[in-house]
file model.txt (compact mmCIF, C-alpha atoms)
# COMPACT_ATOMS: atom_id res chain seq x y z
CA MET A 64 14.49 0.44 -6.10
CA VAL A 65 13.00 -2.52 -7.63
CA ARG A 66 14.72 -5.30 -5.79
CA LEU A 67 14.15 -8.87 -6.88
CA ILE A 68 11.97 -9.48 -3.82
CA THR A 69 9.48 -6.93 -5.21
CA HIS A 70 9.95 -8.02 -8.81
CA ASN A 71 9.06 -11.58 -7.81
CA LEU A 72 5.67 -10.39 -6.51
CA LEU A 73 4.69 -8.11 -9.40
CA SER A 74 2.79 -9.25 -12.47
CA CYS A 75 1.29 -7.52 -15.49
CA HIS A 76 -2.24 -6.30 -14.85
CA ALA A 77 -3.14 -4.67 -18.15
CA LYS A 78 -6.61 -5.35 -19.50
CA GLY A 79 -6.99 -8.88 -20.87
CA CYS A 80 -3.47 -9.90 -19.85
CA THR A 81 -4.02 -12.87 -17.54
CA THR A 82 -1.69 -15.63 -18.69
CA ASN A 83 2.09 -15.73 -19.10
CA ASN A 84 2.12 -12.28 -17.44
CA PHE A 85 4.87 -13.16 -14.93
CA PRO A 86 7.75 -12.56 -14.44
CA LEU A 87 8.20 -9.16 -16.03
CA GLN A 88 11.43 -8.92 -18.00
CA PHE A 89 14.01 -6.27 -17.24
CA LYS A 90 15.38 -4.12 -20.06
CA ASP A 91 18.21 -1.58 -19.86
CA ALA A 92 18.46 -2.20 -16.13
CA GLU A 93 20.96 -0.09 -14.18
CA ILE A 94 21.87 -1.88 -10.99
CA GLU A 95 23.26 -0.60 -7.73
CA HIS A 96 24.45 -2.85 -4.94
CA ARG A 97 23.70 -1.76 -1.39
CA GLU A 98 24.57 -3.81 1.63
CA ALA A 99 21.70 -4.82 3.89
CA ASP A 100 21.70 -6.52 7.29
CA PHE A 101 21.54 -10.29 6.90
CA ASN A 102 18.60 -11.87 8.72
CA PRO A 103 18.46 -15.64 7.99
CA GLU A 104 15.11 -16.03 9.76
CA PHE A 105 13.56 -13.39 7.51
CA ILE A 106 14.85 -15.16 4.37
CA ARG A 107 13.50 -18.51 5.55
CA GLY A 108 10.07 -16.96 6.21
CA LEU A 109 10.14 -15.25 2.85
CA LEU A 110 10.96 -18.32 0.76
CA PRO A 111 7.45 -19.86 0.48
CA LYS A 112 6.33 -16.73 -1.40
CA ILE A 113 9.19 -16.80 -3.90
CA GLU A 114 8.79 -18.32 -7.37
CA TRP A 115 12.18 -19.97 -7.60
CA LYS A 116 12.48 -20.32 -11.37
CA ALA A 117 11.44 -16.70 -11.95
CA LEU A 118 14.00 -15.55 -9.39
CA VAL A 119 16.87 -17.59 -10.87
CA ASP A 120 16.03 -16.57 -14.46
CA THR A 121 15.72 -12.90 -13.56
CA ALA A 122 18.94 -12.87 -11.54
CA LYS A 123 20.66 -14.43 -14.55
CA GLU A 124 19.20 -11.72 -16.83
CA LEU A 125 20.82 -9.18 -14.52
CA GLY A 126 24.15 -11.02 -14.64
CA ASP A 127 24.00 -12.92 -11.35
CA THR A 128 24.32 -16.68 -11.66
CA SER A 129 24.96 -17.51 -8.02
CA LEU A 130 21.70 -19.41 -7.41
CA PRO A 131 21.24 -23.11 -8.29
CA TYR A 132 18.67 -23.80 -11.01
CA GLU A 133 16.73 -26.27 -8.87
CA GLN A 134 15.57 -25.13 -5.44
CA PRO A 135 17.54 -27.14 -2.86
CA GLU A 136 15.55 -28.88 -0.17
CA MET A 137 18.01 -27.95 2.55
CA MET A 138 18.84 -24.31 3.06
CA ASP A 139 22.30 -23.87 4.54
CA ASP A 140 23.67 -20.56 5.73
CA GLU A 141 25.70 -20.01 2.60
CA LEU A 142 22.65 -20.39 0.37
CA LEU A 143 20.61 -18.08 2.61
CA LYS A 144 23.37 -15.48 2.26
CA THR A 145 23.29 -15.84 -1.52
CA LEU A 146 19.51 -15.43 -1.48
CA HIS A 147 19.85 -12.42 0.79
CA HIS A 148 22.17 -10.79 -1.72
CA VAL A 149 20.05 -11.57 -4.78
CA LEU A 150 16.72 -10.60 -3.17
CA LEU A 151 17.70 -7.63 -1.05
CA GLU A 152 20.99 -6.09 -2.14
CA MET A 153 20.59 -5.65 -5.89
CA HIS A 154 18.60 -2.47 -6.62
CA VAL A 155 17.42 -1.74 -10.15
CA GLU A 156 17.52 2.05 -10.27
CA GLU A 157 16.63 2.76 -13.89
CA GLY A 158 15.25 0.74 -16.78
CA GLN A 159 12.05 -0.98 -17.75
CA MET A 160 10.03 -4.05 -16.93
CA ILE A 161 8.26 -5.60 -19.89
CA CYS A 162 5.37 -8.07 -19.83
CA PRO A 163 6.32 -11.31 -21.62
CA ASN A 164 2.72 -11.69 -22.81
CA CYS A 165 1.41 -8.28 -23.92
CA ASN A 166 4.73 -6.35 -24.05
CA HIS A 167 3.40 -3.62 -21.80
CA VAL A 168 6.28 -1.47 -20.58
CA TYR A 169 6.53 -0.47 -16.91
CA PRO A 170 9.25 2.16 -16.57
CA ILE A 171 11.57 2.40 -13.56
CA SER A 172 12.85 5.84 -12.70
CA ASN A 173 14.95 6.90 -9.71
CA GLY A 174 14.41 3.41 -8.32
CA ILE A 175 10.60 3.62 -8.42
CA PRO A 176 8.65 1.40 -10.84
CA ASN A 177 5.55 2.93 -12.36
CA MET A 178 2.76 0.33 -12.43
CA LEU A 179 0.01 2.82 -13.31
CA LEU A 180 -1.99 1.98 -16.41
CA ALA A 181 -3.73 4.34 -18.80
CA GLU A 182 -7.49 4.42 -18.31
CA HIS A 183 -8.24 2.15 -21.30
CA GLU A 184 -5.72 -0.46 -20.12
CA ILE A 185 -7.29 -1.08 -16.72
CA ALA A 186 -8.85 -4.51 -16.41
CA MET B 123 -7.65 28.11 14.20
CA PRO B 124 -7.30 25.85 11.19
CA PRO B 125 -9.59 26.60 8.25
CA LYS B 126 -12.96 24.97 8.48
CA VAL B 127 -13.88 21.61 6.99
CA GLU B 128 -16.68 22.09 4.50
CA ALA B 129 -19.29 19.76 3.09
CA THR B 130 -18.91 18.98 -0.59
CA VAL B 131 -20.75 17.05 -3.28
CA VAL B 132 -19.07 14.77 -5.81
CA ASP B 133 -20.65 16.27 -8.91
CA GLN B 134 -18.53 14.83 -11.70
CA ASP B 135 -16.82 11.62 -12.81
CA ALA B 136 -15.33 10.13 -9.63
CA GLN B 137 -11.97 9.41 -11.18
CA LYS B 138 -11.55 12.96 -12.50
CA TYR B 139 -12.77 14.31 -9.16
CA GLU B 140 -10.13 12.31 -7.27
CA GLN B 141 -7.47 13.38 -9.77
CA LEU B 142 -8.28 17.03 -9.08
CA HIS B 143 -9.10 16.97 -5.36
CA VAL B 144 -6.82 14.19 -4.10
CA HIS B 145 -3.93 13.26 -6.41
CA GLU B 146 -3.03 16.77 -7.59
CA VAL B 147 -3.33 18.15 -4.06
CA TYR B 148 -0.96 15.54 -2.62
CA GLU B 149 1.63 16.20 -5.34
CA GLN B 150 1.58 19.88 -4.33
CA ILE B 151 1.64 19.48 -0.56
CA ALA B 152 3.80 16.32 -0.38
CA GLY B 153 6.85 17.97 1.16
CA HIS B 154 4.97 19.83 3.88
CA PHE B 155 2.54 16.94 4.46
CA SER B 156 5.39 14.49 4.88
CA SER B 157 7.14 16.64 7.48
CA THR B 158 4.00 16.58 9.64
CA ARG B 159 3.26 12.87 9.37
CA TYR B 160 5.87 10.83 11.15
CA LYS B 161 4.24 9.38 14.26
CA PRO B 162 2.71 5.92 13.76
CA TRP B 163 -0.73 5.36 15.23
CA PRO B 164 -0.69 2.81 18.09
CA ILE B 165 -3.17 0.28 16.68
CA ILE B 166 -1.18 0.00 13.45
CA ALA B 167 2.19 -0.24 15.21
CA CYS B 168 0.73 -2.96 17.43
CA PHE B 169 -0.67 -4.86 14.43
CA LEU B 170 2.70 -4.85 12.65
CA ALA B 171 4.53 -5.84 15.84
CA SER B 172 2.28 -8.93 16.09
CA LEU B 173 3.34 -10.38 12.70
CA PRO B 174 5.93 -13.19 12.38
CA THR B 175 9.40 -12.70 10.95
CA GLY B 176 9.62 -13.32 7.23
CA TRP B 177 6.20 -11.94 6.38
CA VAL B 178 5.81 -9.67 3.37
CA GLY B 179 3.07 -7.06 3.17
CA LEU B 180 1.57 -4.31 1.08
CA ASP B 181 0.92 -0.79 2.34
CA SER B 182 -1.78 0.31 -0.06
CA GLY B 183 -1.74 4.11 -0.12
CA THR B 184 1.55 4.39 1.74
CA GLY B 185 1.85 8.19 1.56
CA ASN B 186 5.22 9.15 3.01
CA GLY B 187 5.81 5.56 4.08
CA LYS B 188 5.78 6.06 7.82
CA TYR B 189 4.74 2.43 8.45
CA LEU B 190 7.41 0.89 6.19
CA PRO B 191 10.19 0.81 8.84
CA LEU B 192 8.02 -0.95 11.45
CA PRO B 193 8.14 -2.89 13.73
CA ALA B 194 10.61 -0.58 15.46
CA ASP B 195 11.94 -3.20 17.87
CA ARG B 196 12.56 -5.81 15.14
CA PRO B 197 13.86 -3.87 12.13
CA GLY B 198 14.25 -6.00 9.00
CA CYS B 199 11.96 -8.77 10.24
CA LEU B 200 9.07 -7.74 7.98
CA MET B 201 9.12 -6.35 4.46
CA THR B 202 6.32 -3.89 3.84
CA ILE B 203 6.15 -2.65 0.25
CA GLY B 204 4.61 0.79 -0.13
CA MET B 205 2.28 1.67 -3.00
CA ASP B 206 0.93 5.11 -3.79
CA ARG B 207 -0.13 7.27 -6.76
CA SER B 208 1.86 10.31 -5.70
CA GLN B 209 5.39 10.44 -7.08
CA ASN B 210 6.40 13.15 -4.60
CA LEU B 211 5.15 11.19 -1.60
CA LEU B 212 6.92 8.05 -2.89
CA ASN B 213 10.18 9.97 -3.12
CA ALA B 214 9.78 10.69 0.60
CA ALA B 215 8.64 7.13 1.38
CA ARG B 216 11.83 5.71 -0.18
CA THR B 217 13.88 6.94 2.73
CA ALA B 218 11.20 6.64 5.44
CA GLY B 219 12.64 5.99 8.87
CA GLY B 220 15.54 8.37 8.43
CA THR B 221 18.22 5.69 8.35
CA ASP B 222 20.28 4.65 5.33
CA VAL B 223 17.80 1.88 4.62
CA ILE B 224 16.03 2.26 1.28
CA ARG B 225 12.35 1.19 1.34
CA GLU B 226 10.58 -0.69 -1.41
CA VAL B 227 8.00 1.56 -3.04
CA VAL B 228 5.89 1.18 -6.17
CA ARG B 229 3.80 3.74 -8.01
CA GLY B 230 0.35 2.26 -8.44
CA ASP B 231 -3.35 2.68 -7.89
CA VAL B 232 -5.16 1.13 -4.94
CA LEU B 233 -7.95 0.06 -7.34
CA ASP B 234 -5.54 -1.89 -9.57
CA ASN B 235 -3.88 -5.15 -8.72
CA PRO B 236 -0.35 -5.31 -10.11
CA TRP B 237 0.61 -8.24 -7.89
CA ARG B 238 0.46 -12.01 -8.03
CA ARG B 239 -2.91 -12.88 -6.49
CA GLY B 240 -2.89 -13.57 -2.76
CA ILE B 241 0.89 -13.32 -2.54
CA PHE B 242 1.13 -11.03 0.49
CA ASP B 243 0.89 -12.18 4.10
CA TYR B 244 -0.67 -8.89 5.15
CA CYS B 245 -1.99 -5.65 3.77
CA ILE B 246 -2.55 -2.32 5.49
CA SER B 247 -4.60 0.50 4.06
CA ILE B 248 -4.26 3.53 6.28
CA ALA B 249 -6.10 6.79 5.69
CA THR B 250 -6.52 5.98 2.01
CA ILE B 251 -9.93 4.53 1.19
CA HIS B 252 -11.63 7.71 2.46
CA HIS B 253 -10.13 9.54 -0.53
CA LEU B 254 -12.23 7.50 -3.00
CA ALA B 255 -15.29 9.38 -4.17
CA THR B 256 -17.99 6.69 -4.47
CA HIS B 257 -19.21 3.75 -2.42
CA GLU B 258 -18.43 1.37 -5.33
CA ARG B 259 -14.83 2.58 -5.55
CA ARG B 260 -14.34 2.30 -1.79
CA LYS B 261 -15.71 -1.25 -1.92
CA LEU B 262 -13.36 -2.16 -4.78
CA ALA B 263 -10.42 -0.82 -2.76
CA VAL B 264 -11.40 -3.12 0.14
CA GLN B 265 -11.66 -6.04 -2.30
CA ARG B 266 -8.17 -5.30 -3.63
CA THR B 267 -6.78 -5.65 -0.10
CA LEU B 268 -8.60 -8.99 0.34
CA GLN B 269 -7.27 -10.21 -3.03
CA ALA B 270 -3.73 -9.09 -2.27
CA VAL B 271 -3.29 -11.38 0.75
CA SER B 272 -3.09 -15.13 1.20
CA PRO B 273 -6.58 -16.72 1.28
CA ASN B 274 -5.60 -18.98 4.16
CA HIS B 275 -3.69 -16.74 6.54
CA GLY B 276 -3.77 -13.17 5.19
CA ARG B 277 -4.21 -10.34 7.66
CA VAL B 278 -5.69 -6.96 6.72
CA LEU B 279 -5.90 -3.67 8.61
CA ILE B 280 -7.98 -0.78 7.24
CA TYR B 281 -8.15 2.69 8.77
CA VAL B 282 -10.42 5.53 7.65
CA TRP B 283 -11.42 8.93 8.93
CA ALA B 284 -14.54 9.01 11.09
CA ILE B 285 -17.32 11.53 11.11
CA ASP B 286 -17.16 11.19 14.89
CA GLN B 287 -14.19 13.30 15.87
CA ASP B 288 -12.04 13.23 18.95
CA GLU B 289 -12.74 16.04 21.41
CA LEU B 290 -9.12 17.08 21.04
CA SER B 291 -9.43 17.31 17.29
CA LYS B 292 -9.07 20.81 15.98
CA ARG B 293 -11.65 20.25 13.33
CA GLN B 294 -15.28 21.24 13.18
CA ILE B 295 -17.21 18.81 11.08
CA PRO B 296 -20.42 19.61 9.24
CA LYS B 297 -22.75 16.86 10.32
CA ASP B 298 -26.22 15.88 9.35
CA ASN B 299 -27.72 14.55 12.54
CA GLU B 300 -30.82 13.25 10.81
CA THR B 301 -29.05 10.49 8.94
CA ARG B 302 -26.25 8.17 9.99
CA ALA B 303 -24.58 8.32 6.61
CA GLY B 304 -21.01 9.30 5.90
CA GLN B 305 -20.20 12.81 4.79
CA ASP B 306 -18.25 14.07 1.77
CA VAL B 307 -16.03 16.97 2.78
CA PHE B 308 -13.17 19.19 1.72
CA VAL B 309 -10.36 19.42 4.24
CA PRO B 310 -8.17 22.43 3.63
CA TRP B 311 -4.38 22.22 3.66
CA VAL B 312 -2.68 25.57 4.06
CA LEU B 313 0.71 25.74 2.42
CA SER B 314 2.77 28.75 3.40
CA THR B 315 5.73 29.87 1.36
CA GLN B 316 8.05 32.68 2.31
CA LYS B 317 9.20 35.06 -0.35
CA LYS B 318 11.60 37.94 -0.21
CA SER B 319 10.10 41.03 -1.71
CA GLU B 320 12.08 43.79 -3.45
CA ALA B 321 12.50 45.75 -0.25
CA ASP B 322 14.06 42.64 1.33
CA SER B 323 11.17 42.19 3.73
CA VAL B 324 9.97 38.62 4.01
CA GLN B 325 6.41 38.05 2.93
CA THR B 326 4.49 34.91 3.70
CA GLN B 327 2.14 33.68 1.03
CA SER B 328 -0.48 31.12 1.84
CA GLN B 329 -2.28 28.90 -0.55
CA VAL B 330 -5.17 26.68 0.45
CA TYR B 331 -5.53 23.24 -1.12
CA ASN B 332 -8.82 21.44 -0.55
CA ARG B 333 -8.50 17.68 -0.17
CA TYR B 334 -11.54 15.48 -0.71
CA TYR B 335 -12.49 13.02 2.04
CA HIS B 336 -15.42 10.74 2.61
CA MET B 337 -15.83 10.73 6.38
CA PHE B 338 -17.17 7.38 7.53
CA ALA B 339 -20.25 7.06 9.70
CA GLU B 340 -20.46 4.60 12.57
CA GLY B 341 -20.86 1.07 11.20
CA GLU B 342 -20.16 2.12 7.62
CA LEU B 343 -16.67 0.58 7.41
CA SER B 344 -17.86 -2.79 8.79
CA ALA B 345 -20.79 -2.81 6.37
CA LEU B 346 -18.44 -1.98 3.48
CA VAL B 347 -16.09 -4.84 4.40
CA HIS B 348 -19.06 -7.21 4.74
CA GLU B 349 -20.37 -6.29 1.30
CA ALA B 350 -16.90 -6.43 -0.30
CA ALA B 351 -16.10 -9.88 1.13
CA THR B 352 -19.53 -11.36 0.37
CA GLU B 353 -19.25 -10.28 -3.27
CA LEU B 354 -15.96 -12.16 -3.49
CA GLY B 355 -17.69 -15.31 -2.22
CA MET B 356 -16.24 -15.14 1.28
CA LEU B 357 -18.12 -15.75 4.51
CA VAL B 358 -17.79 -13.02 7.08
CA ASP B 359 -17.48 -15.20 10.14
CA ARG B 360 -15.08 -17.12 12.31
CA GLU B 361 -13.42 -20.14 10.81
CA SER B 362 -15.44 -23.26 11.45
CA SER B 363 -13.79 -26.66 11.42
CA ASN B 364 -16.86 -28.46 10.08
CA GLY B 365 -17.42 -26.21 7.04
CA ASP B 366 -17.36 -27.48 3.48
CA PRO B 367 -13.91 -27.95 1.99
CA GLY B 368 -12.87 -24.95 -0.07
CA THR B 369 -15.05 -22.55 1.91
CA ARG B 370 -13.35 -19.18 2.16
CA GLY B 371 -13.95 -16.61 4.79
CA VAL B 372 -12.83 -13.53 6.59
CA GLU B 373 -12.94 -13.10 10.35
CA VAL B 374 -13.31 -9.66 11.87
CA VAL B 375 -10.58 -9.72 14.54
CA GLN B 376 -11.30 -6.23 15.81
CA ASP B 377 -13.45 -3.35 14.77
CA GLY B 378 -13.34 -0.01 16.50
CA TRP B 379 -12.73 3.72 16.73
CA GLU B 380 -9.43 5.31 17.66
CA ARG B 381 -8.78 9.02 17.79
CA SER B 382 -11.15 10.18 15.07
CA ASN B 383 -10.73 7.09 12.91
CA TYR B 384 -12.58 3.85 12.35
CA TYR B 385 -10.52 0.72 11.84
CA VAL B 386 -11.12 -2.92 11.12
CA GLU B 387 -8.68 -5.83 11.37
CA LEU B 388 -9.39 -8.96 9.34
CA ARG B 389 -8.00 -12.46 9.08
CA LEU B 390 -8.64 -14.62 6.04
CA TRP B 391 -9.21 -18.37 6.31
CA GLU B 392 -9.92 -21.25 3.99
CA ASN B 393 -11.16 -24.75 4.75
CA GLY B 394 -8.76 -27.36 3.41
CA GLN B 395 -9.72 -29.84 0.71
CA ILE B 396 -10.35 -33.34 2.03
call {"tool": "encode", "arguments": {"input": "model.txt", "output": "structure tokens"}}
result
Amino acid sequence: MVRLITHNLLSCHAKGCTTNNFPLQFKDAEIEHREADFNPEFIRGLLPKIEWKALVDTAKELGDTSLPYEQPEMMDDELLKTLHHVLLEMHVEEGQMICPNCNHVYPISNGIPNMLLAEHEIA
Amino acid sequence: MPPKVEATVVDQDAQKYEQLHVHEVYEQIAGHFSSTRYKPWPIIACFLASLPTGWVGLDSGTGNGKYLPLPADRPGCLMTIGMDRSQNLLNAARTAGGTDVIREVVRGDVLDNPWRRGIFDYCISIATIHHLATHERRKLAVQRTLQAVSPNHGRVLIYVWAIDQDELSKRQIPKDNETRAGQDVFVPWVLSTQKKSEADSVQTQSQVYNRYYHMFAEGELSALVHEAATELGMLVDRESSNGDPGTRGVEVVQDGWERSNYYVELRLWENGQI
């Protein structure tokens, strides 16, 4: 289950790939929605770590356009609920994540992304 | 009586050695291992319970993910993402906690860094670094934990197996009393499988898998952390308010021994730019 919270923290780490290596782009993503308990305080605490543009672009790639393009200064409950859904309730079960810079493919199988590199690719 | 722990020598390429004596063993024993590892150790539970709501952390070498559901009294207040090399252990970690909640897990190597630098608020590495077969690799693993967390508030907890064993421990450890160095050992895991024979009598077959461990000597973990942090240009000291701007450091919050393990808790700090 790559959820967008995890996706927003991952970046490509193949040898020599140090710029434009975030966010990874989903391909052939199969998504499952699972309800999670809403905890507004958790979402507020989480926000400083989130790259907003990457989150909005990736959600859009996966067909969810519920987030505003610019990060609002005030977070009301409705927006926190939207964030909760986008970050924590959309699970990518199968597919791939591809580095926008070096095109390295990180496969996702049974909800688990494989970030292992071959020996010669390790930085 | 459990089979005896035996001294071993890492006599080949460390990576291949770990592949054979750590990674392949865990893939084989994952199911049985996971069913015996469910009780969180108190120091780690306490550490996680002390963190503020909204923090996101990495469990580097998560195994069957037993720390992912914590803290028990505030479920959903932290998000700990589990990373491990073993696919079979990750499959167990996904549903750690036994509720319907699915945990975030990623297949990765503790010596790699597939994350945005310094993005986590905390990182735990529990019973993992002792599976690395050289001092250099263990140091790199410590450095990966320091690089994973925020340079100005990141918290790190590392736990490794100690050469000094609890009296209650079932294990007999080969120990060289002359030196105070750590000890490379094989720890056997006995996997029993029951098979029905032709005559319908049940036969139990046992297979022994030897796992590689580096058992830490007293002071070895602290020295390793000191060396790892210094190499990254960090002071190992308390934060001082009159330091130069941009100075980075790591404070040792606690450093001790608990039930056959050494642990160290760290807090990163950074002096602000003027």
call {"tool": "closest_atom_pairs", "arguments": {"input": "model.txt", "of": "chain B", "to": "chain A", "cutoff": "6 Å", "atoms": "all atoms listed in the file", "output": "JSON lines"}}
result
{"residue": "B:Thr175", "atom": "CA", "partner": "A:Phe105", "partner_atom": "CA", "distance": 5.4}
{"residue": "B:Gly176", "atom": "CA", "partner": "A:Gly108", "partner_atom": "CA", "distance": 3.8}
{"residue": "B:Cys199", "atom": "CA", "partner": "A:Phe105", "partner_atom": "CA", "distance": 5.6}
{"residue": "B:Val228", "atom": "CA", "partner": "A:Pro176", "partner_atom": "CA", "distance": 5.4}
{"residue": "B:Arg229", "atom": "CA", "partner": "A:Asn177", "partner_atom": "CA", "distance": 4.8}
{"residue": "B:Gly230", "atom": "CA", "partner": "A:Leu179", "partner_atom": "CA", "distance": 4.9}
{"residue": "B:Pro236", "atom": "CA", "partner": "A:His76", "partner_atom": "CA", "distance": 5.2}
{"residue": "B:Trp237", "atom": "CA", "partner": "A:Leu73", "partner_atom": "CA", "distance": 4.4}
{"residue": "B:Arg238", "atom": "CA", "partner": "A:Leu72", "partner_atom": "CA", "distance": 5.7}
call {"tool": "residues_around", "arguments": {"input": "model.txt", "residues": "B:Glu349", "least_positions_apart": "6", "cutoff": "12 Å", "atoms": "all atoms listed in the file", "output": "list in words"}}
result
His257, Glu258, Arg260, Lys261, Leu262, Val264, Gln265, Glu342, Leu343, Gly355, Met356, Leu357, Val358 and Val372 of chain B
call {"tool": "atom_distance", "arguments": {"input": "model.txt", "atom1": "atom CA of B:Trp391", "atom2": "atom CA of B:Asp366"}}
result
12.5 Å
call {"tool": "closest_residue", "arguments": {"input": "model.txt", "among": "B:Met205, B:Val282, B:Val307, B:Ala171", "to": "B:Ser344", "atoms": "all atoms listed in the file"}}
result
B:Val282
call {"tool": "residues_around", "arguments": {"input": "model.txt", "residues": "stretch 129-136 of chain B", "least_positions_apart": "6", "cutoff": "7 Å", "atoms": "only C-alpha atoms", "output": "PyMOL selection string"}}
result
chain B and resi 255-256+296+306-308
call {"tool": "closest_residue", "arguments": {"input": "model.txt", "among": "A:Tyr132, A:Tyr169, A:Trp115, A:Phe89", "to": "A:Ala181", "atoms": "only C-alpha atoms"}}
result
A:Tyr169
call {"tool": "residues_around", "arguments": {"input": "model.txt", "residues": "stretch 266-268 of chain B", "least_positions_apart": "6", "cutoff": "10 Å", "atoms": "all atoms listed in the file", "output": "PyMOL selection string"}}
result
chain B and resi 180-182+232-235+239-240+242+244-247+260+276-280+347+350-351+354+356+372+388-390
call {"tool": "write_last_selection", "arguments": {"input": "model.txt", "atoms": "C-alpha atoms", "output": "mmCIF file, in the frame of the given file"}}
result
data_model
loop_
_atom_site.group_PDB
_atom_site.id
_atom_site.type_symbol
_atom_site.label_atom_id
_atom_site.label_comp_id
_atom_site.auth_asym_id
_atom_site.auth_seq_id
_atom_site.Cartn_x
_atom_site.Cartn_y
_atom_site.Cartn_z
ATOM 1 C CA LEU B 180 1.570 -4.310 1.080
ATOM 2 C CA ASP B 181 0.920 -0.790 2.340
ATOM 3 C CA SER B 182 -1.780 0.310 -0.060
ATOM 4 C CA VAL B 232 -5.160 1.130 -4.940
ATOM 5 C CA LEU B 233 -7.950 0.060 -7.340
ATOM 6 C CA ASP B 234 -5.540 -1.890 -9.570
ATOM 7 C CA ASN B 235 -3.880 -5.150 -8.720
ATOM 8 C CA ARG B 239 -2.910 -12.880 -6.490
ATOM 9 C CA GLY B 240 -2.890 -13.570 -2.760
ATOM 10 C CA PHE B 242 1.130 -11.030 0.490
ATOM 11 C CA TYR B 244 -0.670 -8.890 5.150
ATOM 12 C CA CYS B 245 -1.990 -5.650 3.770
ATOM 13 C CA ILE B 246 -2.550 -2.320 5.490
ATOM 14 C CA SER B 247 -4.600 0.500 4.060
ATOM 15 C CA ARG B 260 -14.340 2.300 -1.790
ATOM 16 C CA GLY B 276 -3.770 -13.170 5.190
ATOM 17 C CA ARG B 277 -4.210 -10.340 7.660
ATOM 18 C CA VAL B 278 -5.690 -6.960 6.720
ATOM 19 C CA LEU B 279 -5.900 -3.670 8.610
ATOM 20 C CA ILE B 280 -7.980 -0.780 7.240
ATOM 21 C CA VAL B 347 -16.090 -4.840 4.400
ATOM 22 C CA ALA B 350 -16.900 -6.430 -0.300
ATOM 23 C CA ALA B 351 -16.100 -9.880 1.130
ATOM 24 C CA LEU B 354 -15.960 -12.160 -3.490
ATOM 25 C CA MET B 356 -16.240 -15.140 1.280
ATOM 26 C CA VAL B 372 -12.830 -13.530 6.590
ATOM 27 C CA LEU B 388 -9.390 -8.960 9.340
ATOM 28 C CA ARG B 389 -8.000 -12.460 9.080
ATOM 29 C CA LEU B 390 -8.640 -14.620 6.040
#
call {"tool": "closest_residue", "arguments": {"input": "model.txt", "among": "B:Ile241, B:Val144, B:Val178, B:Ala218", "to": "B:His253", "atoms": "only C-alpha atoms"}}
result
B:Val144
call {"tool": "atom_distance", "arguments": {"input": "model.txt", "atom1": "atom CA of B:Lys188", "atom2": "atom CA of B:Leu212"}}
result
11.0 Å
call {"tool": "atom_distance", "arguments": {"input": "model.txt", "atom1": "atom CA of B:Ala303", "atom2": "atom CA of B:Glu387"}}
result
21.8 Å
call {"tool": "axis_aligned_box", "arguments": {"input": "model.txt", "around": "stretch 77-85 of chain A", "padding_each_side": "4 Å", "output": "AutoDock Vina command-line options"}}
result
--center_x -1.1 --center_y -10.2 --center_z -17.9 --size_x 19.9 --size_y 19.1 --size_z 13.9
